[in-house]
file upload.cif (mmCIF, C-alpha atoms)
data_input
loop_
_atom_site.label_atom_id
_atom_site.label_comp_id
_atom_site.auth_asym_id
_atom_site.auth_seq_id
_atom_site.Cartn_x
_atom_site.Cartn_y
_atom_site.Cartn_z
CA MET A 1 -22.97 28.12 -16.20
CA SER A 2 -20.88 26.72 -13.33
CA LEU A 3 -19.49 23.21 -13.32
CA PRO A 4 -21.33 20.70 -11.08
CA LEU A 5 -18.30 20.11 -8.87
CA ASP A 6 -17.58 20.66 -5.19
CA PRO A 7 -14.50 22.99 -5.02
CA HIS A 8 -13.29 21.44 -1.76
CA LEU A 9 -13.53 17.92 -3.14
CA VAL A 10 -11.76 19.01 -6.33
CA GLN A 11 -8.83 20.37 -4.30
CA LEU A 12 -8.49 17.06 -2.47
CA TYR A 13 -8.85 15.22 -5.75
CA LEU A 14 -6.00 17.17 -7.37
CA VAL A 15 -3.67 16.30 -4.50
CA ALA A 16 -4.60 12.61 -4.66
CA VAL A 17 -4.27 12.52 -8.45
CA GLY A 18 -0.83 14.11 -8.25
CA VAL A 19 0.36 11.35 -5.94
CA LEU A 20 -1.17 8.62 -8.11
CA ILE A 21 0.27 9.97 -11.35
CA LEU A 22 3.78 9.93 -9.90
CA ALA A 23 3.49 6.22 -9.01
CA PRO A 24 5.23 4.22 -11.78
CA GLY A 25 3.06 1.82 -13.76
CA PRO A 26 2.88 0.21 -17.22
CA ASP A 27 2.01 3.52 -18.92
CA PHE A 28 5.00 5.29 -17.37
CA LEU A 29 7.34 2.42 -18.23
CA LEU A 30 6.13 2.26 -21.82
CA VAL A 31 6.70 5.99 -22.40
CA LEU A 32 10.08 5.79 -20.68
CA THR A 33 11.35 2.84 -22.71
CA ARG A 34 10.00 4.18 -25.99
CA SER A 35 11.61 7.57 -25.41
CA ILE A 36 14.95 6.02 -24.53
CA ALA A 37 14.89 3.67 -27.51
CA ASP A 38 13.48 5.93 -30.23
CA GLY A 39 13.55 9.50 -28.95
CA ARG A 40 11.22 12.15 -27.62
CA ARG A 41 8.83 12.16 -30.59
CA THR A 42 8.12 8.44 -30.16
CA GLY A 43 7.61 8.94 -26.43
CA ILE A 44 5.09 11.70 -27.13
CA ILE A 45 3.24 9.40 -29.55
CA ALA A 46 3.06 6.75 -26.82
CA MET A 47 1.73 9.39 -24.42
CA LEU A 48 -1.02 10.30 -26.91
CA GLY A 49 -2.07 6.66 -27.21
CA ILE A 50 -2.24 6.34 -23.42
CA SER A 51 -4.20 9.59 -23.13
CA LEU A 52 -6.74 8.36 -25.67
CA GLY A 53 -7.09 5.17 -23.64
CA ASN A 54 -7.74 7.21 -20.48
CA LEU A 55 -10.33 9.28 -22.34
CA ILE A 56 -12.13 6.14 -23.52
CA HIS A 57 -12.09 4.70 -20.00
CA THR A 58 -13.58 7.95 -18.69
CA LEU A 59 -16.35 7.89 -21.29
CA LEU A 60 -17.15 4.27 -20.43
CA ALA A 61 -17.25 5.09 -16.72
CA ALA A 62 -19.52 8.10 -17.27
CA ALA A 63 -21.85 5.97 -19.39
CA GLY A 64 -21.98 3.21 -16.76
CA ILE A 65 -20.37 0.63 -19.04
CA SER A 66 -17.30 0.23 -16.83
CA ALA A 67 -19.56 -0.75 -13.94
CA LEU A 68 -21.13 -3.47 -16.08
CA ILE A 69 -17.69 -4.84 -17.00
CA ALA A 70 -16.51 -4.83 -13.39
CA ALA A 71 -19.74 -6.55 -12.30
CA SER A 72 -19.39 -9.33 -14.87
CA PRO A 73 -16.81 -11.97 -13.86
CA ALA A 74 -16.58 -13.25 -17.45
CA LEU A 75 -16.02 -9.84 -19.06
CA PHE A 76 -13.61 -8.76 -16.36
CA ASP A 77 -11.57 -11.97 -16.71
CA VAL A 78 -11.38 -11.60 -20.49
CA LEU A 79 -10.01 -8.08 -20.08
CA ARG A 80 -7.66 -9.15 -17.28
CA TYR A 81 -6.18 -12.06 -19.22
CA ALA A 82 -5.89 -10.04 -22.43
CA GLY A 83 -4.16 -7.18 -20.63
CA GLY A 84 -1.84 -9.46 -18.66
CA GLY A 85 -0.96 -11.42 -21.77
CA TYR A 86 -0.22 -8.25 -23.71
CA LEU A 87 2.08 -6.87 -21.01
CA ALA A 88 3.81 -10.25 -20.79
CA TRP A 89 4.37 -10.18 -24.55
CA ILE A 90 5.96 -6.72 -24.33
CA GLY A 91 8.16 -7.91 -21.46
CA ALA A 92 9.18 -11.07 -23.30
CA ARG A 93 10.19 -9.04 -26.34
CA ALA A 94 12.36 -6.77 -24.19
CA LEU A 95 14.02 -9.77 -22.54
CA TRP A 96 14.61 -11.39 -25.92
CA SER A 97 16.25 -8.17 -27.13
CA ALA A 98 18.52 -8.20 -24.06
CA TRP A 99 19.33 -11.89 -24.59
CA THR A 100 20.21 -11.55 -28.27
CA SER A 101 22.45 -8.53 -27.67
CA ARG A 102 24.31 -9.97 -24.66
CA GLY A 103 27.31 -11.07 -26.73
CA GLN A 104 28.07 -7.64 -28.15
CA ASP A 105 31.20 -5.75 -27.19
CA ALA A 106 30.38 -4.12 -23.83
CA GLU A 107 32.09 -0.88 -24.77
CA ALA A 108 30.88 -0.72 -28.35
CA PRO A 109 28.44 2.06 -29.23
CA VAL A 110 24.85 0.99 -29.69
CA PRO A 111 24.18 0.66 -33.41
CA ALA A 112 21.50 2.85 -34.88
CA ALA A 113 18.21 1.03 -35.21
CA ASP A 114 15.13 1.78 -37.20
CA SER A 115 12.55 3.61 -35.11
CA ALA A 116 9.26 1.86 -34.49
CA PRO A 117 6.48 3.07 -36.81
CA PRO A 118 4.42 5.83 -35.15
CA THR A 119 1.16 3.96 -35.75
CA ALA A 120 2.52 0.82 -34.07
CA VAL A 121 3.74 2.81 -31.07
CA PHE A 122 0.39 4.60 -30.75
CA LEU A 123 -1.59 1.35 -30.92
CA GLN A 124 0.73 -0.40 -28.46
CA ALA A 125 0.27 2.44 -25.95
CA LEU A 126 -3.49 2.53 -26.51
CA LEU A 127 -3.85 -1.22 -25.98
CA THR A 128 -1.60 -1.18 -22.91
CA ASN A 129 -4.00 1.29 -21.31
CA LEU A 130 -7.32 -0.06 -22.62
CA LEU A 131 -6.59 -3.67 -21.65
CA ASN A 132 -5.76 -2.74 -18.06
CA PRO A 133 -8.83 -3.54 -15.91
CA LYS A 134 -7.18 -1.74 -12.99
CA VAL A 135 -8.01 1.52 -14.77
CA ILE A 136 -11.68 0.50 -14.76
CA LEU A 137 -11.53 -0.32 -11.06
CA PHE A 138 -9.81 2.99 -10.44
CA GLN A 139 -12.59 4.88 -12.21
CA LEU A 140 -15.23 3.02 -10.19
CA ALA A 141 -13.62 3.09 -6.74
CA PHE A 142 -11.48 6.23 -6.63
CA VAL A 143 -13.22 8.89 -8.70
CA PRO A 144 -16.69 8.51 -7.07
CA GLN A 145 -15.19 9.48 -3.69
CA PHE A 146 -14.87 13.03 -5.01
CA ILE A 147 -18.33 13.32 -6.54
CA ALA A 148 -21.01 15.46 -4.90
CA PRO A 149 -24.35 13.71 -5.64
CA ALA A 150 -26.28 16.68 -4.22
CA LEU A 151 -25.03 18.79 -7.14
CA GLY A 152 -26.56 16.37 -9.67
CA HIS A 153 -25.15 15.53 -13.12
CA VAL A 154 -23.13 12.63 -11.72
CA ALA A 155 -22.10 11.40 -15.18
CA VAL A 156 -20.79 14.88 -16.00
CA GLN A 157 -18.83 14.96 -12.75
CA ILE A 158 -17.29 11.57 -13.54
CA PHE A 159 -16.38 12.77 -17.03
CA ILE A 160 -14.73 15.97 -15.79
CA LEU A 161 -12.83 14.34 -12.94
CA GLY A 162 -11.72 11.46 -15.15
CA ASN A 163 -10.36 13.82 -17.76
CA ILE A 164 -8.42 15.78 -15.16
CA ILE A 165 -6.40 12.58 -14.79
CA THR A 166 -6.12 12.32 -18.58
CA VAL A 167 -4.77 15.86 -18.94
CA LEU A 168 -2.44 15.89 -15.94
CA GLY A 169 -1.21 12.39 -16.69
CA GLY A 170 -0.54 13.37 -20.30
CA ILE A 171 1.49 16.42 -19.21
CA TYR A 172 3.51 14.29 -16.81
CA LEU A 173 4.20 11.58 -19.40
CA ALA A 174 5.19 14.23 -21.96
CA GLY A 175 7.75 15.47 -19.44
CA VAL A 176 8.98 11.90 -18.93
CA ALA A 177 9.37 11.54 -22.71
CA ALA A 178 11.37 14.76 -23.02
CA LEU A 179 13.66 14.14 -20.05
CA SER A 180 14.31 10.46 -20.69
CA ALA A 181 15.06 11.05 -24.38
CA GLY A 182 17.61 13.71 -23.45
CA ALA A 183 19.22 11.51 -20.81
CA ALA A 184 19.40 8.59 -23.22
CA ARG A 185 21.87 10.39 -25.45
CA ARG A 186 24.27 10.65 -22.50
CA VAL A 187 23.57 7.34 -20.76
CA LEU A 188 23.30 4.85 -23.62
CA ALA A 189 26.99 4.94 -24.44
CA SER A 190 27.51 1.20 -24.76
CA ALA A 191 25.79 -2.01 -25.71
CA ARG A 192 26.08 -3.19 -22.09
CA VAL A 193 23.89 -0.34 -20.84
CA ARG A 194 21.28 -0.89 -23.54
CA THR A 195 21.18 -4.63 -22.81
CA ALA A 196 20.76 -3.99 -19.09
CA LEU A 197 17.91 -1.53 -19.71
CA ASP A 198 16.15 -3.97 -22.03
CA GLY A 199 16.46 -6.69 -19.41
CA LEU A 200 15.17 -4.44 -16.63
CA ALA A 201 12.23 -3.27 -18.75
CA GLY A 202 11.38 -6.87 -19.59
CA VAL A 203 11.38 -7.92 -15.94
CA LEU A 204 9.23 -4.93 -14.95
CA PHE A 205 6.68 -5.51 -17.71
CA LEU A 206 6.43 -9.17 -16.72
CA GLY A 207 5.94 -8.08 -13.12
CA PHE A 208 3.11 -5.75 -14.16
CA ALA A 209 1.61 -8.63 -16.15
CA VAL A 210 1.63 -10.93 -13.11
CA ARG A 211 0.05 -8.24 -10.92
CA LEU A 212 -2.64 -7.68 -13.52
CA LEU A 213 -3.39 -11.38 -13.83
CA LEU A 214 -3.79 -11.58 -10.06
CA THR A 215 -6.19 -8.63 -9.95
CA ASP A 216 -9.73 -9.37 -8.79
CA ARG A 217 -12.78 -7.16 -8.98
CA ARG A 218 -12.15 -5.62 -5.59
CA PHE A 219 -10.18 -2.41 -5.89
CA ALA A 220 -7.28 -2.35 -3.44
#
call {"tool": "encode", "arguments": {"input": "upload.cif", "output": "structure tokens"}}
result
Amino acid sequence: MSLPLDPHLVQLYLVAVGVLILAPGPDFLLVLTRSIADGRRTGIIAMLGISLGNLIHTLLAAAGISALIAASPALFDVLRYAGGGYLAWIGARALWSAWTSRGQDAEAPVPAADSAPPTAVFLQALLTNLLNPKVILFQLAFVPQFIAPALGHVAVQIFILGNIITVLGGIYLAGVAALSAGAARRVLASARVRTALDGLAGVLFLGFAVRLLLTDRRFA
């Protein structure tokens, strides 16, 4: 039995998805910072949490629930404020880490720190993705452009196309985890570098939080 997809639209979709996946966002930054701080395994765990979030978003979109959330100002605002607040909290923690370590010897090696528990990393990644209403808007405004209603099974088409993003995004983030963890061993040679990276990550997460809080229900 053939899949209810238009081959030409799928080709265009793969190109568009490739471009979108390469655009840095909160998911990318979370995997990057976790991999640098705690190694490749932790980065992979973060990727799995994000991938589960993408899968859940796809299921909600296919079931029509995402459309209900986007159509409800109250529900959308709850999700927007929760997601923005959560990203701001992650950013504030990174900035606090940079602030508290600023007085260390600039050339001193970074002391070994306990790795974050895998469950905590997984849940943080999952929540970062699930609480992002932009993912809902993406599912509602971007994916339907590549659906062929004449082929029927629209929900199935949404599910398949949405999970193409999940799979390709997961592969990309796994690569980010592997490469950034390897680079970290060479780059993080001093406390100054680690402090600067914590500060940069904090600023970026706060920037993502502000953008999320300013998001409305119109996908742009």
call {"tool": "residues_around", "arguments": {"input": "upload.cif", "residues": "A:Leu20", "least_positions_apart": "4", "cutoff": "12 Å", "atoms": "only C-alpha atoms", "output": "list of chain:residue names"}}
result
A:Tyr13, A:Leu14, A:Val15, A:Ala16, A:Pro24, A:Gly25, A:Phe28, A:Val135, A:Phe138, A:Phe142, A:Ile165, A:Leu168, A:Gly169, A:Tyr172
call {"tool": "write_last_selection", "arguments": {"input": "upload.cif", "atoms": "C-alpha atoms", "output": "tab-separated table (two decimals), in the coordinates of the input"}}
result
chain	number	residue	atom	x	y	z
A	13	TYR	CA	-8.85	15.22	-5.75
A	14	LEU	CA	-6.00	17.17	-7.37
A	15	VAL	CA	-3.67	16.30	-4.50
A	16	ALA	CA	-4.60	12.61	-4.66
A	24	PRO	CA	5.23	4.22	-11.78
A	25	GLY	CA	3.06	1.82	-13.76
A	28	PHE	CA	5.00	5.29	-17.37
A	135	VAL	CA	-8.01	1.52	-14.77
A	138	PHE	CA	-9.81	2.99	-10.44
A	142	PHE	CA	-11.48	6.23	-6.63
A	165	ILE	CA	-6.40	12.58	-14.79
A	168	LEU	CA	-2.44	15.89	-15.94
A	169	GLY	CA	-1.21	12.39	-16.69
A	172	TYR	CA	3.51	14.29	-16.81
call {"tool": "resolve_selection", "arguments": {"input": "upload.cif", "expression": "the PyMOL selection byres ((chain A and resi 118) around 12)", "output": "list in words"}}
result
Arg34, Asp38, Gly39, Arg40, Arg41, Thr42, Gly43, Ile44, Ile45, Ala46, Met47, Leu48, Gly49, Asp114, Ser115, Ala116, Pro117, Thr119, Ala120, Val121, Phe122, Leu123, Gln124 and Ala125 of chain A
call {"tool": "residues_around", "arguments": {"input": "upload.cif", "residues": "stretch 195-207 of chain A", "least_positions_apart": "2", "cutoff": "6 Å", "atoms": "only C-alpha atoms", "output": "PyMOL selection string"}}
result
chain A and resi 87-88+91+94-95+98+192-193+209-210
call {"tool": "atom_distance", "arguments": {"input": "upload.cif", "atom1": "atom CA of A:Gly53", "atom2": "atom CA of A:Asn129"}}
result
5.5 Å
call {"tool": "closest_residue", "arguments": {"input": "upload.cif", "among": "A:Thr128, A:Ile50, A:Leu12, A:Val176", "to": "A:Trp89", "atoms": "only C-alpha atoms"}}
result
A:Thr128
call {"tool": "atom_distance", "arguments": {"input": "upload.cif", "atom1": "atom CA of A:Ala82", "atom2": "atom CA of A:Gly162"}}
result
23.4 Å
call {"tool": "closest_atom_pairs", "arguments": {"input": "upload.cif", "of": "stretch 27-134 of chain A", "to": "stretch 143-157 of chain A", "cutoff": "9 Å", "atoms": "all atoms listed in the file", "output": "JSON lines"}}
result
{"residue": "A:Ala61", "atom": "CA", "partner": "A:Ala155", "partner_atom": "CA", "distance": 8.1}
{"residue": "A:Ala62", "atom": "CA", "partner": "A:Ala155", "partner_atom": "CA", "distance": 4.7}
{"residue": "A:Ala63", "atom": "CA", "partner": "A:Ala155", "partner_atom": "CA", "distance": 6.9}
{"residue": "A:Gly64", "atom": "CA", "partner": "A:Ala155", "partner_atom": "CA", "distance": 8.3}
call {"tool": "resolve_selection", "arguments": {"input": "upload.cif", "expression": "the PyMOL selection byres ((chain A and resi 57) around 12)", "output": "PyMOL selection string"}}
result
chain A and resi 50-56+58-67+69+126-127+129-140+158-159+161-163+165-166
call {"tool": "atom_distance", "arguments": {"input": "upload.cif", "atom1": "atom CA of A:Ser35", "atom2": "atom CA of A:Ala177"}}
result
5.3 Å
call {"tool": "resolve_selection", "arguments": {"input": "upload.cif", "expression": "the PyMOL selection byres ((chain A and resi 77) around 12)", "output": "list in words"}}
result
Ile69, Ala70, Ala71, Ser72, Pro73, Ala74, Leu75, Phe76, Val78, Leu79, Arg80, Tyr81, Ala82, Gly83, Gly84, Gly85, Leu131, Asn132, Pro133, Lys134, Leu212, Leu213, Leu214, Thr215, Asp216 and Arg217 of chain A
call {"tool": "closest_residue", "arguments": {"input": "upload.cif", "among": "A:Ile90, A:Ile160, A:Leu68, A:Ile171", "to": "A:Pro26", "atoms": "all atoms listed in the file"}}
result
A:Ile90
call {"tool": "build_atoms", "arguments": {"input": "upload.cif", "residues": "stretch 20-41 of chain A", "atoms": "N, CA, C and O atoms", "output": "PDB file, keeping the file's coordinate frame"}}
result
ATOM      1  N   LEU A  20      -0.950   9.821  -7.302  1.00  0.00           N
ATOM      2  CA  LEU A  20      -1.170   8.620  -8.110  1.00  0.00           C
ATOM      3  C   LEU A  20      -0.432   8.672  -9.435  1.00  0.00           C
ATOM      4  O   LEU A  20       0.112   7.665  -9.903  1.00  0.00           O
ATOM      5  N   ILE A  21      -0.395   9.833 -10.055  1.00  0.00           N
ATOM      6  CA  ILE A  21       0.270   9.970 -11.350  1.00  0.00           C
ATOM      7  C   ILE A  21       1.768   9.698 -11.219  1.00  0.00           C
ATOM      8  O   ILE A  21       2.387   9.116 -12.123  1.00  0.00           O
ATOM      9  N   LEU A  22       2.343  10.098 -10.095  1.00  0.00           N
ATOM     10  CA  LEU A  22       3.780   9.930  -9.900  1.00  0.00           C
ATOM     11  C   LEU A  22       4.164   8.482  -9.606  1.00  0.00           C
ATOM     12  O   LEU A  22       5.348   8.133  -9.661  1.00  0.00           O
ATOM     13  N   ALA A  23       3.186   7.634  -9.281  1.00  0.00           N
ATOM     14  CA  ALA A  23       3.490   6.220  -9.010  1.00  0.00           C
ATOM     15  C   ALA A  23       3.738   5.493 -10.329  1.00  0.00           C
ATOM     16  O   ALA A  23       2.873   5.474 -11.202  1.00  0.00           O
ATOM     17  N   PRO A  24       4.920   4.890 -10.511  1.00  0.00           N
ATOM     18  CA  PRO A  24       5.230   4.220 -11.780  1.00  0.00           C
ATOM     19  C   PRO A  24       4.283   3.059 -12.069  1.00  0.00           C
ATOM     20  O   PRO A  24       3.879   2.334 -11.167  1.00  0.00           O
ATOM     21  N   GLY A  25       3.922   2.911 -13.314  1.00  0.00           N
ATOM     22  CA  GLY A  25       3.060   1.820 -13.760  1.00  0.00           C
ATOM     23  C   GLY A  25       3.390   1.471 -15.199  1.00  0.00           C
ATOM     24  O   GLY A  25       4.366   1.988 -15.768  1.00  0.00           O
ATOM     25  N   PRO A  26       2.602   0.604 -15.830  1.00  0.00           N
ATOM     26  CA  PRO A  26       2.880   0.210 -17.220  1.00  0.00           C
ATOM     27  C   PRO A  26       2.916   1.386 -18.185  1.00  0.00           C
ATOM     28  O   PRO A  26       3.748   1.408 -19.102  1.00  0.00           O
ATOM     29  N   ASP A  27       2.031   2.369 -18.014  1.00  0.00           N
ATOM     30  CA  ASP A  27       2.010   3.520 -18.920  1.00  0.00           C
ATOM     31  C   ASP A  27       3.320   4.308 -18.817  1.00  0.00           C
ATOM     32  O   ASP A  27       3.923   4.672 -19.830  1.00  0.00           O
ATOM     33  N   PHE A  28       3.736   4.570 -17.590  1.00  0.00           N
ATOM     34  CA  PHE A  28       5.000   5.290 -17.370  1.00  0.00           C
ATOM     35  C   PHE A  28       6.165   4.529 -17.982  1.00  0.00           C
ATOM     36  O   PHE A  28       7.017   5.118 -18.690  1.00  0.00           O
ATOM     37  N   LEU A  29       6.223   3.219 -17.729  1.00  0.00           N
ATOM     38  CA  LEU A  29       7.340   2.420 -18.230  1.00  0.00           C
ATOM     39  C   LEU A  29       7.359   2.377 -19.743  1.00  0.00           C
ATOM     40  O   LEU A  29       8.434   2.427 -20.364  1.00  0.00           O
ATOM     41  N   LEU A  30       6.185   2.308 -20.361  1.00  0.00           N
ATOM     42  CA  LEU A  30       6.130   2.260 -21.820  1.00  0.00           C
ATOM     43  C   LEU A  30       6.658   3.558 -22.423  1.00  0.00           C
ATOM     44  O   LEU A  30       7.456   3.544 -23.365  1.00  0.00           O
ATOM     45  N   VAL A  31       6.217   4.696 -21.895  1.00  0.00           N
ATOM     46  CA  VAL A  31       6.700   5.990 -22.400  1.00  0.00           C
ATOM     47  C   VAL A  31       8.206   6.112 -22.176  1.00  0.00           C
ATOM     48  O   VAL A  31       8.955   6.566 -23.047  1.00  0.00           O
ATOM     49  N   LEU A  32       8.659   5.703 -21.003  1.00  0.00           N
ATOM     50  CA  LEU A  32      10.080   5.790 -20.680  1.00  0.00           C
ATOM     51  C   LEU A  32      10.925   4.964 -21.651  1.00  0.00           C
ATOM     52  O   LEU A  32      11.908   5.465 -22.220  1.00  0.00           O
ATOM     53  N   THR A  33      10.548   3.704 -21.849  1.00  0.00           N
ATOM     54  CA  THR A  33      11.350   2.840 -22.710  1.00  0.00           C
ATOM     55  C   THR A  33      11.287   3.263 -24.166  1.00  0.00           C
ATOM     56  O   THR A  33      12.297   3.199 -24.878  1.00  0.00           O
ATOM     57  N   ARG A  34      10.117   3.714 -24.611  1.00  0.00           N
ATOM     58  CA  ARG A  34      10.000   4.180 -25.990  1.00  0.00           C
ATOM     59  C   ARG A  34      10.822   5.444 -26.228  1.00  0.00           C
ATOM     60  O   ARG A  34      11.446   5.619 -27.276  1.00  0.00           O
ATOM     61  N   SER A  35      10.845   6.324 -25.273  1.00  0.00           N
ATOM     62  CA  SER A  35      11.610   7.570 -25.410  1.00  0.00           C
ATOM     63  C   SER A  35      13.100   7.286 -25.426  1.00  0.00           C
ATOM     64  O   SER A  35      13.852   7.887 -26.206  1.00  0.00           O
ATOM     65  N   ILE A  36      13.530   6.368 -24.569  1.00  0.00           N
ATOM     66  CA  ILE A  36      14.950   6.020 -24.530  1.00  0.00           C
ATOM     67  C   ILE A  36      15.372   5.330 -25.824  1.00  0.00           C
ATOM     68  O   ILE A  36      16.434   5.617 -26.383  1.00  0.00           O
ATOM     69  N   ALA A  37      14.529   4.441 -26.322  1.00  0.00           N
ATOM     70  CA  ALA A  37      14.890   3.670 -27.510  1.00  0.00           C
ATOM     71  C   ALA A  37      14.809   4.488 -28.794  1.00  0.00           C
ATOM     72  O   ALA A  37      15.695   4.406 -29.650  1.00  0.00           O
ATOM     73  N   ASP A  38      13.755   5.289 -28.939  1.00  0.00           N
ATOM     74  CA  ASP A  38      13.480   5.930 -30.230  1.00  0.00           C
ATOM     75  C   ASP A  38      13.383   7.447 -30.185  1.00  0.00           C
ATOM     76  O   ASP A  38      13.109   8.073 -31.209  1.00  0.00           O
ATOM     77  N   GLY A  39      13.544   8.047 -29.003  1.00  0.00           N
ATOM     78  CA  GLY A  39      13.550   9.500 -28.950  1.00  0.00           C
ATOM     79  C   GLY A  39      12.258  10.113 -28.430  1.00  0.00           C
ATOM     80  O   GLY A  39      11.254   9.435 -28.211  1.00  0.00           O
ATOM     81  N   ARG A  40      12.324  11.421 -28.235  1.00  0.00           N
ATOM     82  CA  ARG A  40      11.220  12.150 -27.620  1.00  0.00           C
ATOM     83  C   ARG A  40       9.933  12.067 -28.439  1.00  0.00           C
ATOM     84  O   ARG A  40       8.844  11.907 -27.877  1.00  0.00           O
ATOM     85  N   ARG A  41      10.034  12.186 -29.751  1.00  0.00           N
ATOM     86  CA  ARG A  41       8.830  12.160 -30.590  1.00  0.00           C
ATOM     87  C   ARG A  41       8.067  10.861 -30.404  1.00  0.00           C
ATOM     88  O   ARG A  41       6.830  10.861 -30.280  1.00  0.00           O
TER      89      ARG A  41
END
